[in-house]
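See below for coords_34.txt, which holds compact mmCIF, C-alpha atoms.
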# COMPACT_ATOMS: atom_id res chain seq x y z
CA MET A 1 -22.62 21.84 -5.05
CA SER A 2 -22.06 19.84 -8.22
CA PHE A 3 -20.97 16.22 -8.37
CA GLY A 4 -19.97 16.41 -12.02
CA PRO A 5 -20.13 13.44 -14.40
CA TYR A 6 -19.93 10.90 -11.55
CA ALA A 7 -23.00 12.12 -9.66
CA SER A 8 -24.80 8.79 -10.07
CA PHE A 9 -21.93 6.87 -8.38
CA ILE A 10 -21.77 9.35 -5.48
CA VAL A 11 -25.54 9.52 -4.92
CA THR A 12 -25.90 5.72 -5.17
CA SER A 13 -23.12 5.25 -2.59
CA TYR A 14 -24.68 7.62 -0.05
CA ALA A 15 -28.19 6.27 -0.69
CA LEU A 16 -27.03 2.70 -0.20
CA VAL A 17 -25.25 3.51 3.07
CA THR A 18 -28.38 5.34 4.29
CA VAL A 19 -30.64 2.40 3.39
CA VAL A 20 -28.41 -0.24 5.01
CA VAL A 21 -27.93 1.79 8.21
CA LEU A 22 -31.69 2.45 8.41
CA LEU A 23 -32.39 -1.27 7.87
CA LEU A 24 -29.99 -2.12 10.71
CA ILE A 25 -31.71 0.37 13.03
CA ILE A 26 -35.21 -0.90 12.08
CA TRP A 27 -34.14 -4.54 12.50
CA ILE A 28 -32.68 -3.87 15.97
CA ILE A 29 -35.77 -1.94 17.14
CA ALA A 30 -38.13 -4.63 15.75
CA ASP A 31 -36.07 -7.37 17.41
CA TYR A 32 -36.24 -5.53 20.76
CA ARG A 33 -40.02 -5.23 20.51
CA ARG A 34 -40.33 -8.92 19.55
CA GLN A 35 -38.29 -10.05 22.56
CA GLN A 36 -40.23 -7.74 24.90
CA ALA A 37 -43.54 -9.13 23.59
CA ARG A 38 -42.35 -12.72 24.09
CA LEU A 39 -41.23 -11.90 27.65
CA LEU A 40 -44.59 -10.27 28.41
CA ASP A 41 -46.37 -13.37 27.10
CA LEU A 42 -44.25 -15.59 29.34
CA GLU A 43 -44.86 -13.29 32.31
CA ALA A 44 -48.60 -13.40 31.65
CA SER A 45 -48.51 -17.20 31.61
CA GLY A 46 -47.08 -17.15 35.15
CA VAL A 47 -43.42 -17.99 34.41
CA THR A 48 -41.05 -16.05 36.67
CA ARG A 49 -37.26 -15.78 36.79
CA ARG A 50 -35.33 -17.66 39.47
CA SER A 51 -34.62 -14.29 41.14
CA GLY A 52 -38.40 -13.81 41.45
CA ARG A 53 -38.29 -10.64 39.32
CA GLY A 54 -40.59 -10.10 36.36
CA ALA A 55 -39.43 -11.29 32.94
CA THR A 56 -39.19 -7.76 31.55
CA ASP A 57 -37.65 -6.24 34.71
CA ILE A 58 -34.22 -4.76 33.88
CA ARG A 59 -33.50 -2.96 37.18
CA MET B 60 -19.55 0.84 38.51
CA THR B 61 -16.66 -1.44 37.56
CA LEU B 62 -16.20 -3.75 34.58
CA ILE B 63 -17.00 -6.73 36.82
CA ASP B 64 -20.43 -5.21 37.56
CA LEU B 65 -21.16 -5.29 33.83
CA ALA B 66 -20.70 -9.07 33.88
CA ASN B 67 -24.22 -9.17 35.27
CA PRO B 68 -26.61 -9.03 32.27
CA THR B 69 -29.36 -7.32 34.31
CA ARG B 70 -26.97 -4.54 35.38
CA PHE B 71 -25.79 -4.25 31.78
CA LEU B 72 -29.40 -3.82 30.63
CA ALA B 73 -30.03 -1.12 33.24
CA LEU B 74 -26.84 0.80 32.41
CA THR B 75 -27.30 0.65 28.64
CA ALA B 76 -30.93 1.78 28.96
CA ARG B 77 -29.56 4.99 30.47
CA ILE B 78 -26.67 5.65 28.07
CA LEU B 79 -28.18 4.55 24.74
CA PRO B 80 -30.26 7.73 24.17
CA TRP B 81 -27.13 9.88 24.74
CA LEU B 82 -25.07 7.73 22.39
CA ALA B 83 -27.77 7.85 19.72
CA GLY B 84 -27.96 11.65 20.05
CA ALA B 85 -24.18 12.07 19.82
CA THR B 86 -24.07 9.77 16.77
CA ALA B 87 -26.80 11.74 14.99
CA ILE B 88 -25.05 15.09 15.68
CA LEU B 89 -21.64 13.83 14.54
CA LEU B 90 -23.13 12.22 11.42
CA ALA B 91 -24.85 15.50 10.54
CA ILE B 92 -21.57 17.45 10.99
CA GLY B 93 -19.63 14.82 9.02
CA LEU B 94 -22.14 14.80 6.17
CA TYR B 95 -22.09 18.61 6.00
CA GLN B 96 -18.28 18.67 5.92
CA SER B 97 -18.26 15.92 3.29
CA ALA B 98 -20.68 17.85 1.10
CA MET B 99 -18.61 21.04 1.46
CA ALA B 100 -15.24 19.35 0.81
CA PRO B 101 -13.56 20.47 -2.44
CA ASP B 102 -13.06 18.15 -5.39
CA ASP B 103 -9.79 16.25 -5.51
CA TYR B 104 -7.43 17.16 -8.36
CA GLN B 105 -7.34 13.51 -9.50
CA GLN B 106 -10.58 11.95 -8.21
CA GLY B 107 -12.83 14.95 -8.77
CA ALA B 108 -16.11 14.77 -6.81
CA THR B 109 -15.79 10.99 -6.32
CA VAL B 110 -13.54 11.78 -3.35
CA LYS B 111 -16.85 12.21 -1.47
CA ILE B 112 -17.37 8.44 -1.68
CA MET B 113 -14.18 8.08 0.38
CA PHE B 114 -15.86 9.79 3.35
CA ILE B 115 -18.24 6.82 3.68
CA HIS B 116 -16.11 4.07 2.15
CA VAL B 117 -13.10 4.47 4.46
CA PRO B 118 -15.05 4.54 7.79
CA ASN B 119 -16.96 1.41 6.71
CA ALA B 120 -13.73 -0.32 5.68
CA TRP B 121 -12.07 0.58 9.02
CA LEU B 122 -15.10 -0.63 10.95
CA SER B 123 -15.29 -3.89 9.01
CA MET B 124 -11.88 -4.77 10.51
CA PHE B 125 -12.47 -3.10 13.89
CA VAL B 126 -15.68 -5.08 14.48
CA TRP B 127 -13.85 -8.35 13.84
CA GLY B 128 -11.23 -7.11 16.34
CA VAL B 129 -14.00 -6.53 18.91
CA MET B 130 -15.35 -10.01 18.19
CA SER B 131 -11.86 -11.49 18.63
CA VAL B 132 -11.51 -9.89 22.08
CA ALA B 133 -15.00 -11.20 22.90
CA ALA B 134 -13.94 -14.66 21.66
CA LEU B 135 -11.05 -14.57 24.14
CA GLY B 136 -13.56 -13.55 26.80
CA THR B 137 -15.64 -16.60 25.93
CA LEU B 138 -12.80 -19.12 25.80
CA VAL B 139 -10.44 -17.82 28.51
CA TRP B 140 -12.47 -15.84 31.03
CA ARG B 141 -15.92 -17.32 30.30
CA HIS B 142 -17.39 -13.85 30.69
CA PRO B 143 -21.21 -14.15 30.54
CA LEU B 144 -21.51 -11.24 28.11
CA ALA B 145 -18.59 -12.14 25.84
CA ASP B 146 -20.54 -14.39 23.48
CA VAL B 147 -23.48 -11.99 23.59
CA ALA B 148 -21.11 -9.21 22.45
CA ALA B 149 -19.62 -11.30 19.65
CA LYS B 150 -22.96 -12.56 18.35
CA ALA B 151 -24.51 -9.09 18.42
CA ALA B 152 -21.54 -7.55 16.57
CA ALA B 153 -21.49 -10.00 13.65
CA PRO B 154 -24.46 -8.72 11.58
CA ILE B 155 -23.35 -5.11 12.13
CA GLY B 156 -19.81 -5.97 11.03
CA ALA B 157 -21.20 -7.80 8.00
CA ALA B 158 -23.24 -4.71 7.06
CA PHE B 159 -20.18 -2.42 7.32
CA THR B 160 -18.10 -4.85 5.25
CA PHE B 161 -20.83 -5.06 2.61
CA LEU B 162 -20.95 -1.25 2.46
CA ALA B 163 -17.15 -1.02 2.22
CA LEU B 164 -17.18 -3.45 -0.71
CA VAL B 165 -20.04 -1.80 -2.59
CA THR B 166 -18.98 1.83 -2.05
CA GLY B 167 -15.42 0.85 -3.01
CA SER B 168 -16.79 -0.76 -6.13
CA LEU B 169 -18.84 2.33 -6.96
CA TRP B 170 -15.71 4.46 -6.54
CA GLY B 171 -13.59 2.01 -8.54
CA ARG B 172 -15.75 2.11 -11.69
CA PRO B 173 -15.09 5.78 -12.54
CA MET B 174 -11.54 5.84 -11.11
CA TRP B 175 -10.10 2.44 -12.11
CA GLY B 176 -12.48 1.68 -14.94
CA THR B 177 -13.76 -1.47 -13.24
CA TYR B 178 -16.19 -2.37 -10.48
CA TRP B 179 -14.10 -5.30 -9.30
CA GLU B 180 -10.55 -6.57 -9.47
CA TRP B 181 -9.29 -9.74 -7.81
CA ASP B 182 -6.43 -7.94 -6.09
CA ALA B 183 -5.23 -8.79 -2.58
CA ARG B 184 -7.09 -5.99 -0.71
CA LEU B 185 -10.46 -6.48 -2.38
CA THR B 186 -10.29 -10.27 -2.21
CA SER B 187 -9.26 -10.34 1.48
CA VAL B 188 -12.15 -7.98 2.36
CA LEU B 189 -14.55 -10.21 0.39
CA ILE B 190 -13.24 -13.18 2.44
CA LEU B 191 -13.90 -11.14 5.62
CA PHE B 192 -17.50 -10.59 4.47
CA LEU B 193 -17.95 -14.32 3.81
CA MET B 194 -16.48 -15.11 7.24
CA TYR B 195 -19.06 -12.80 8.88
CA LEU B 196 -21.84 -14.65 7.03
CA GLY B 197 -20.35 -18.02 8.03
CA LEU B 198 -20.22 -17.05 11.70
CA MET B 199 -23.82 -15.82 11.63
CA ALA B 200 -24.87 -19.13 10.03
CA LEU B 201 -22.98 -21.06 12.72
CA TRP B 202 -24.78 -19.23 15.54
CA ARG B 203 -28.11 -19.96 13.89
CA ALA B 204 -27.30 -23.61 13.19
CA VAL B 205 -26.39 -24.61 16.76
CA GLU B 206 -29.39 -24.41 19.09
CA ASP B 207 -27.53 -24.51 22.42
CA PRO B 208 -25.95 -21.03 22.89
CA SER B 209 -23.03 -22.29 25.03
CA ARG B 210 -21.98 -24.88 22.40
CA ALA B 211 -22.37 -22.34 19.61
CA ALA B 212 -20.34 -19.82 21.63
CA ARG B 213 -17.22 -22.00 21.84
CA ALA B 214 -17.31 -23.00 18.16
CA ALA B 215 -17.90 -19.39 17.08
CA ALA B 216 -15.12 -18.11 19.36
CA ILE B 217 -12.58 -20.53 17.86
CA LEU B 218 -13.67 -19.63 14.32
CA THR B 219 -13.45 -15.91 15.15
CA LEU B 220 -9.89 -16.23 16.46
CA VAL B 221 -8.83 -18.25 13.42
CA GLY B 222 -10.45 -15.64 11.17
CA ALA B 223 -8.56 -12.84 12.94
CA ILE B 224 -5.51 -13.87 10.88
CA ASN B 225 -7.25 -12.17 7.95
CA ILE B 226 -7.21 -8.72 9.62
CA PRO B 227 -3.44 -8.02 9.31
CA ILE B 228 -3.59 -9.57 5.83
CA ILE B 229 -6.24 -6.98 4.84
CA LYS B 230 -4.30 -4.13 6.45
CA PHE B 231 -0.90 -4.95 4.93
CA SER B 232 -2.09 -6.51 1.66
CA VAL B 233 -1.38 -3.22 -0.15
CA ASP B 234 2.23 -3.31 1.10
CA TRP B 235 2.91 -7.04 0.68
CA TRP B 236 1.49 -7.42 -2.82
CA ASN B 237 1.29 -5.32 -5.93
CA THR B 238 -2.35 -4.22 -5.77
CA LEU B 239 -4.62 -1.90 -7.70
CA HIS B 240 -5.86 -0.59 -4.35
CA GLN B 241 -3.82 2.39 -3.17
CA PRO B 242 -1.62 2.06 -0.04
CA ALA B 243 -2.58 3.53 3.35
CA SER B 244 -2.81 7.33 3.32
CA VAL B 245 -4.24 8.12 6.78
CA ILE B 246 -2.93 5.57 9.30
CA ARG B 247 0.71 5.19 8.22
CA MET B 248 4.24 5.75 9.44
CA GLY B 249 5.19 9.39 8.88
CA GLY B 250 1.63 10.71 9.25
CA SER B 251 -1.30 11.23 6.93
CA THR B 252 -0.71 12.27 3.32
CA LEU B 253 -4.21 13.73 3.06
CA ASP B 254 -4.87 17.46 2.85
CA LYS B 255 -6.80 18.83 5.87
CA ALA B 256 -9.75 19.67 3.60
CA PHE B 257 -10.26 15.90 3.16
CA LEU B 258 -8.77 14.64 6.43
CA TRP B 259 -11.22 16.44 8.74
CA PRO B 260 -14.46 15.26 7.10
CA LEU B 261 -12.98 11.76 6.95
CA LEU B 262 -12.04 11.73 10.64
CA VAL B 263 -15.39 13.17 11.73
CA MET B 264 -17.23 10.54 9.65
CA ALA B 265 -14.96 7.83 11.07
CA VAL B 266 -15.78 8.88 14.66
CA ALA B 267 -19.50 9.17 13.76
CA PHE B 268 -19.58 5.67 12.25
CA SER B 269 -17.65 4.30 15.24
CA LEU B 270 -20.24 5.84 17.58
CA LEU B 271 -22.96 4.39 15.35
CA PHE B 272 -21.38 0.97 15.76
CA VAL B 273 -21.18 1.33 19.57
CA THR B 274 -24.83 2.42 19.72
CA LEU B 275 -26.10 -0.39 17.46
CA HIS B 276 -23.88 -2.94 19.17
CA LEU B 277 -25.12 -2.10 22.67
CA ALA B 278 -28.74 -2.18 21.46
CA ALA B 279 -28.18 -5.53 19.69
CA MET B 280 -26.51 -6.91 22.84
CA ARG B 281 -29.59 -5.95 24.85
CA ASN B 282 -31.74 -7.85 22.34
CA GLU B 283 -29.50 -10.91 22.59
CA ILE B 284 -29.68 -10.88 26.42
CA LEU B 285 -33.49 -10.68 26.22
CA ARG B 286 -33.55 -13.50 23.62
CA ARG B 287 -31.55 -15.72 26.01
CA ARG B 288 -33.87 -14.78 28.86
CA VAL B 289 -36.85 -15.80 26.70
CA ARG B 290 -35.13 -19.12 25.94
CA SER B 291 -34.38 -19.91 29.59
CA LEU B 292 -37.93 -18.96 30.66
CA GLN B 293 -39.39 -21.13 27.90
CA MET B 294 -37.25 -24.03 29.10
CA MET B 295 -38.44 -23.45 32.69
CA GLN B 296 -42.03 -23.40 31.43
CA ALA B 297 -41.51 -26.61 29.45
CA SER B 298 -39.91 -28.40 32.42
CA ARG B 299 -42.79 -27.29 34.69
CA ILE B 300 -45.34 -28.66 32.21
CA ALA B 301 -43.39 -31.91 31.93
CA PHE B 302 -43.15 -32.17 35.74
CA SER B 303 -46.84 -31.46 36.33
CA SER B 304 -47.89 -33.99 33.65
CA GLU B 305 -45.54 -36.55 35.26
CA VAL B 306 -47.10 -35.90 38.68
CA GLY B 307 -50.56 -36.11 37.10
CA THR B 308 -49.73 -39.45 35.46
CA GLY B 309 -48.22 -40.71 38.73
CA SER B 310 -51.35 -39.86 40.78
CA ARG B 311 -53.59 -41.46 38.13
CA GLU B 312 -51.52 -44.65 38.27
CA GLU B 313 -51.71 -44.58 42.09
CA LYS B 314 -55.52 -44.19 41.92
CA ALA B 315 -55.81 -47.01 39.39
CA SER B 316 -53.76 -49.40 41.57
CA LYS B 317 -55.91 -48.50 44.59
CA THR B 318 -59.08 -49.20 42.54
CA ILE B 319 -57.67 -52.56 41.38
CA GLY B 320 -56.72 -53.38 44.99
CA ALA B 321 -60.24 -52.55 46.23
CA ALA B 322 -61.72 -54.69 43.48
As a first step, turn the structure in this file into structure tokens.
Amino acid sequence: MSFGPYASFIVTSYALVTVVVLLLIIWIIADYRRQQARLLDLEASGVTRRSGRGATDIR
Amino acid sequence: MTLIDLANPTRFLALTARILPWLAGATAILLAIGLYQSAMAPDDYQQGATVKIMFIHVPNAWLSMFVWGVMSVAALGTLVWRHPLADVAAKAAAPIGAAFTFLALVTGSLWGRPMWGTYWEWDARLTSVLILFLMYLGLMALWRAVEDPSRAARAAAILTLVGAINIPIIKFSVDWWNTLHQPASVIRMGGSTLDKAFLWPLLVMAVAFSLLFVTLHLAAMRNEILRRRVRSLQMMQASRIAFSSEVGTGSREEKASKTIGAA
């Protein structure tokens, strides 16, 4: 497989898409963990939801 | 489970926890197949190997418009039906849509340099997509600027619906104006003009990127629901502290008046 004289443009395009998609995935996972940690902190401090369920309960 | 059941954020969290791993798996498999097909696709007689950039540029360009379409439907959900998840859906979609639009612009630019001889041209298609990117950034800034989510939701919904005017402008810009950007070759009256050797990898990549969007969007919506839960719990905590300090102050004042009375 040869990309010819435009290899740098093709490789840069695919690399950039890979980096941006990976950044999106990492950001979403990190955000989820941050929210879970904040909910656990609130739960530990005794704050409960109006329904009486735990802050991190998703059932 | 009906659509109404999904109006409950807790049920939405439970359902998406079950389907997200399957969606992520399907996305990874389709992306792998699409990338393999893209790598194996022959060179185009005009574009040469740069045709491979099209397999990532076109799905990102389609999704940049599709995501705004999703946000527009969500905006209607916020303004008309006041669906509890509508604003969550719109807010979660915006950064993902911005990322796809950014990628469409940059990969298009990287394709344009060898094919057109320029990275950028202020033609109608490129300019209208750049405006779409700026609108995504503007919406994200609006959501961050307004602290109360319900107030931000209405303002963002109106802005999203106004911005939706840009979507048909992007789509038909190549027909309405004389542009450097080529006209539609896949979704057009009379069918696709692409050879199957290019059409299949493109369609597989388009489905893979669409699945990627659905997966990321659902995960980002879950985060937004949790963020709002954190906010409401923090407000409950703050009001409890305020109430208990008020009660404490009240009992101290009562004690003080009793002491003065006894004196």
* Counting all atoms listed in the file, chain B residues within 8 Å of chain A, as an NGL selection string -> :B and (69-70 or 72-73 or 98-99 or 107-109 or 111-112 or 115 or 155 or 158 or 162 or 165-166 or 169-170 or 173 or 275 or 278-279 or 281-282 or 285-286 or 288-289 or 292-293 or 295-296)
* To do: Might you pull out every residue within 8 Å of Ala163 (chain B), with only C-alpha atoms counted and same-chain residues fewer than 3 positions away left off, and present them as a PyMOL selection string?
  => chain B and resi 116-117+119-120+123+159-160+166-167
* To do: Would you mind telling me which residue in B:Ser97, B:Asn67, B:Ser244, B:Gln106 lies nearest to Trp259 (chain B) when using only C-alpha atoms?
  =>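 Nearest candidate to Trp259 (chain B) out of B:Ser97, B:Asn67, B:Ser244, B:Gln106: B:Ser97.
Using only C-alpha atoms, the smallest distance between any of B:Ala87, B:Ile217, B:Ala157, B:Ala212 and Met194 (chain B) comes from B:Ala157.
Across B:Thr137, B:Ser251, B:Gln105, B:Ser187, the tightest approach to Met174 (chain B) is made by B:Gln105 when counting all atoms listed in the file.
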* To do: One decimal, Å: what's the distance from CA of Arg213 (chain B) over to CA of Ala200 (chain B), could you say?
  => 14.4 Å
* Interatomic distance, CA of Phe231 (chain B) to CA of Ala183 (chain B) (Å, one decimal) -> 9.5 Å
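Coordinates place CA of Met280 (chain B) at a distance of 5.9 Å from CA of Ala148 (chain B).
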